[in-house]
Each structure stands twice: as C-alpha cells, then as structure tokens.
$ cat work.pdb   # PDB, C-alpha atoms
ATOM      1  CA  MET E   1      11.723   4.252 -10.009
ATOM      2  CA  LYS E   2      12.910   1.481  -7.689
ATOM      3  CA  LYS E   3      13.734  -0.708 -10.673
ATOM      4  CA  ASN E   4      15.971   1.980 -12.158
ATOM      5  CA  ILE E   5      17.791   2.539  -8.879
ATOM      6  CA  LEU E   6      18.350  -1.192  -8.356
ATOM      7  CA  SER E   7      19.533  -1.664 -11.947
ATOM      8  CA  THR E   8      21.957   1.247 -11.683
ATOM      9  CA  LEU E   9      23.302  -0.028  -8.371
ATOM     10  CA  VAL E  10      23.906  -3.532  -9.714
ATOM     11  CA  ILE E  11      25.510  -2.297 -12.919
ATOM     12  CA  ALA E  12      27.802   0.022 -10.970
ATOM     13  CA  THR E  13      28.767  -2.860  -8.671
ATOM     14  CA  VAL E  14      29.480  -5.127 -11.619
ATOM     15  CA  VAL E  15      31.597  -2.493 -13.360
ATOM     16  CA  VAL E  16      33.604  -1.763 -10.217
ATOM     17  CA  SER E  17      34.087  -5.438  -9.484
ATOM     18  CA  CYS E  18      35.238  -6.060 -13.060
ATOM     19  CA  THR E  19      38.404  -4.029 -12.553
ATOM     20  CA  LYS E  20      41.272  -6.433 -12.964
ATOM     21  CA  SER E  21      44.539  -5.797 -11.224
ATOM     22  CA  THR E  22      47.699  -7.853 -11.333
ATOM     23  CA  SER E  23      50.897  -7.537  -9.372
ATOM     24  CA  LYS E  24      54.273  -8.446 -10.815
ATOM     25  CA  THR E  25      57.312  -8.949  -8.659
ATOM     26  CA  GLU E  26      60.727  -8.911 -10.319
ATOM     27  CA  LYS E  27      64.001  -9.817  -8.655
ATOM     28  CA  VAL E  28      67.149  -8.545 -10.336
ATOM     29  CA  GLU E  29      70.633  -9.539  -9.266
ATOM     30  CA  ASN E  30      73.058  -6.680  -9.496
ATOM     31  CA  PRO E  31      76.673  -7.113 -10.659
ATOM     32  CA  ASP E  32      77.877  -6.556  -7.100
ATOM     33  CA  GLY E  33      75.786  -9.527  -5.889
ATOM     34  CA  THR E  34      72.890  -7.660  -4.275
ATOM     35  CA  VAL E  35      69.288  -8.460  -5.210
ATOM     36  CA  THR E  36      66.783  -5.712  -6.023
ATOM     37  CA  THR E  37      63.050  -6.526  -5.806
ATOM     38  CA  THR E  38      60.557  -4.467  -7.810
ATOM     39  CA  THR E  39      56.780  -4.875  -7.440
ATOM     40  CA  THR E  40      54.505  -3.442 -10.128
ATOM     41  CA  THR E  41      50.685  -3.359  -9.927
ATOM     42  CA  VAL E  42      48.774  -3.132 -13.190
ATOM     43  CA  SER E  43      45.031  -2.303 -13.159
ATOM     44  CA  GLU E  44      42.823  -2.942 -16.143
ATOM     45  CA  SER E  45      39.286  -1.580 -16.048
ATOM     46  CA  GLY E  46      36.815  -3.208 -18.367
ATOM     47  CA  ILE E  47      39.423  -4.564 -20.807
ATOM     48  CA  GLY E  48      39.188  -8.293 -21.114
ATOM     49  CA  VAL E  49      35.925  -8.383 -19.168
ATOM     50  CA  ASP E  50      33.335 -10.955 -20.209
ATOM     51  CA  THR E  51      30.401  -8.798 -21.343
ATOM     52  CA  ALA E  52      28.148 -11.846 -21.602
ATOM     53  CA  LYS E  53      28.315 -12.265 -17.831
ATOM     54  CA  ILE E  54      27.592  -8.577 -17.310
ATOM     55  CA  ASN E  55      24.618  -8.717 -19.666
ATOM     56  CA  GLN E  56      23.327 -11.867 -17.952
ATOM     57  CA  ALA E  57      23.657 -10.221 -14.539
ATOM     58  CA  LYS E  58      21.874  -7.140 -15.887
ATOM     59  CA  GLU E  59      19.015  -9.276 -17.238
ATOM     60  CA  ASP E  60      18.783 -11.181 -13.945
ATOM     61  CA  VAL E  61      18.554  -7.918 -12.006
ATOM     62  CA  LYS E  62      15.981  -6.555 -14.422
ATOM     63  CA  SER E  63      13.807  -9.684 -14.193
ATOM     64  CA  LYS E  64      14.009  -9.739 -10.384
ATOM     65  CA  ALA E  65      13.163  -6.034 -10.226
ATOM     66  CA  ASP E  66      10.196  -6.645 -12.553
ATOM     67  CA  GLU E  67       9.084  -9.552 -10.393
ATOM     68  CA  ALA E  68       9.323  -7.432  -7.242
ATOM     69  CA  GLY E  69       7.394  -4.638  -8.963
ATOM     70  CA  ASN E  70       4.682  -7.101  -9.981
ATOM     71  CA  LYS E  71       4.430  -8.390  -6.414
ATOM     72  CA  ILE E  72       4.101  -4.829  -5.123
ATOM     73  CA  ASP E  73       1.431  -4.060  -7.728
ATOM     74  CA  ALA E  74      -0.483  -7.224  -6.823
ATOM     75  CA  ALA E  75      -0.338  -6.404  -3.114
ATOM     76  CA  ALA E  76      -1.535  -2.852  -3.787
ATOM     77  CA  GLN E  77      -4.414  -4.138  -5.922
ATOM     78  CA  ASN E  78      -5.378  -6.646  -3.234
ATOM     79  CA  ALA E  79      -5.329  -3.917  -0.583
ATOM     80  CA  LYS E  80      -7.444  -1.645  -2.802
ATOM     81  CA  GLU E  81     -10.014  -4.403  -3.317
ATOM     82  CA  LYS E  82     -10.213  -5.030   0.427
ATOM     83  CA  ILE E  83     -10.644  -1.321   1.123
ATOM     84  CA  ASP E  84     -13.343  -1.040  -1.547
ATOM     85  CA  ALA E  85     -15.182  -4.062  -0.129
ATOM     86  CA  THR E  86     -14.990  -2.621   3.382
ATOM     87  CA  ALA E  87     -16.235   0.759   2.153
ATOM     88  CA  ASP E  88     -19.157  -0.886   0.347
ATOM     89  CA  LYS E  89     -20.054  -2.907   3.457
ATOM     90  CA  THR E  90     -19.846   0.222   5.616
ATOM     91  CA  LYS E  91     -22.044   2.111   3.156
ATOM     92  CA  GLN E  92     -24.644  -0.673   3.258
ATOM     93  CA  ASP E  93     -24.531  -0.774   7.059
ATOM     94  CA  LEU E  94     -25.001   3.003   7.278
ATOM     95  CA  HIS E  95     -27.878   2.868   4.792
ATOM     96  CA  GLN E  96     -29.561   0.106   6.814
ATOM     97  CA  ALA E  97     -29.048   2.065  10.037
ATOM     98  CA  ALA E  98     -30.608   5.145   8.414
ATOM     99  CA  GLN E  99     -33.594   3.050   7.291
ATOM    100  CA  ASP E 100     -33.975   1.685  10.825
ATOM    101  CA  VAL E 101     -33.825   5.182  12.324
ATOM    102  CA  LYS E 102     -36.389   6.425   9.798
ATOM    103  CA  ALA E 103     -38.759   3.528  10.585
ATOM    104  CA  GLU E 104     -38.416   4.105  14.315
ATOM    105  CA  ALA E 105     -38.946   7.852  13.869
ATOM    106  CA  ASN E 106     -42.141   7.152  11.898
ATOM    107  CA  LYS E 107     -43.283   4.770  14.629
ATOM    108  CA  VAL E 108     -42.582   7.341  17.337
ATOM    109  CA  GLY E 109     -44.361  10.027  15.276
ATOM    110  CA  LYS E 110     -47.393   7.755  14.918
ATOM    111  CA  ASP E 111     -47.391   7.040  18.653
ATOM    112  CA  VAL E 112     -47.210  10.770  19.396
ATOM    113  CA  LYS E 113     -50.119  11.445  17.031
ATOM    114  CA  ASP E 114     -52.161   8.688  18.639
ATOM    115  CA  ALA E 115     -51.374  10.000  22.110
ATOM    116  CA  ALA E 116     -52.270  13.534  21.029
ATOM    117  CA  ALA E 117     -55.546  12.312  19.520
ATOM    118  CA  LYS E 118     -56.425  10.419  22.722
ATOM    119  CA  GLY E 119     -55.509  13.462  24.770
ATOM    120  CA  ALA E 120     -57.620  15.690  22.539
ATOM    121  CA  SER E 121     -60.609  13.331  22.774
ATOM    122  CA  LYS E 122     -60.280  13.281  26.574
ATOM    123  CA  VAL E 123     -60.149  17.072  26.603
ATOM    124  CA  GLU E 124     -63.269  17.172  24.401
ATOM    125  CA  GLU E 125     -65.060  14.732  26.688
ATOM    126  CA  GLY E 126     -64.039  16.795  29.676
ATOM    127  CA  ALA E 127     -65.275  19.937  27.954
ATOM    128  CA  LYS E 128     -68.632  18.307  27.150
ATOM    129  CA  LYS E 129     -68.962  17.123  30.729
ATOM    130  CA  LEU E 130     -68.112  20.570  31.997
ATOM    131  CA  LYS E 131     -70.645  22.118  29.649
ATOM    132  CA  GLU E 132     -73.331  19.709  30.854
ATOM    133  CA  ASP E 133     -72.440  20.435  34.455
ATOM    134  CA  LEU E 134     -72.615  24.140  33.860
ATOM    135  CA  SER E 135     -75.957  23.910  32.101
ATOM    136  CA  LYS E 136     -77.601  22.128  35.072
TER     137      LYS E 136
END

$ encode --input "work.pdb" --output "structure tokens"
Amino acid sequence: MKKNILSTLVIATVVVSCTKSTSKTEKVENPDGTVTTTTTTVSESGIGVDTAKINQAKEDVKSKADEAGNKIDAAAQNAKEKIDATADKTKQDLHQAAQDVKAEANKVGKDVKDAAAKGASKVEEGAKKLKEDLSK
C-alpha cells in the first residue's frame, strides 16, 4: 500500500514538473515611432519530455520503495522472533514455578501428615495412659 502511494506521488510530481513553459517577448515599432511590447507564454505539458528520465525515476522510486518494504518486513520478523523467544522463556519460567509450587505443596502435605500421625500417636498414648489410670 505504501509503495503504491509513494509511486503515485513521485509520478505525479514528475509529470507536473515536466510541464514546459516558455515566454516570448516581441517588440514592434509602429509607423508613428512608438514601440509596442507583447509577451506571450506558451506551456507544453508532456510534449518533448524525455520519457527515459521519467522511466528511470519511476524505477528508482520503485526500487527504493521495495527496499524500504523489505526493511520493514525484516524489522517485523525480527520483532516477532524476539516476542516468540520471550513468550517461550516466560512459558518455561511459569512451568518451572508451577513445578516448584507443586513440590513445596507435596512437602507441606507430607509434613502435615507426619504431624497428624505424631499427634494421633500422642493421643493414643494419652488414651492408653488414661485407661491404665482408670483401671487402677
């Protein structure tokens, strides 16, 4: 899209600048001795214009527009690759964090089970002791 706009703009500029105008000034001496000056401006649009120069300018604009488009495409591709790499790294970091949380949760669960087992054994011991005390 940008290439078309730039090409059109350059071609329009070249066509407008190729308008050739010439001014002619004529001095005529009248029989009574006075001098009359006449100025005539003639404009020629496109006639006598060197089309080779226009075509060369058009090709230059087209090649520069293509070059600019390629640079834009390369920059976009580079940005996409950086974004993809960052997303992959973030995904790996999140996965590792989830693994760490899971491991810690398992550890905490094990500790809770151990504490509950110790508490239950103490309650059982206390119950046995109470039973022995009551049977005496």

$ atom_distance --input "work.pdb" --atom1 "atom CA of Lys118 of chain E" --atom2 "atom CA of Lys102 of chain E"
24.2 Å

$ atom_distance --input "work.pdb" --atom1 "atom CA of Leu94 of chain E" --atom2 "atom CA of Lys110 of chain E"
24.1 Å

$ atom_distance --input "work.pdb" --atom1 "atom CA of Glu104 of chain E" --atom2 "atom CA of Ser121 of chain E"
25.5 Å

$ residues_near_point --input "work.pdb" --point "(62.9, -10.1, -7.1)" --cutoff "6 Å" --atoms "all atoms listed in the file" --output "ChimeraX atom specification"
/E:25-28,36-37
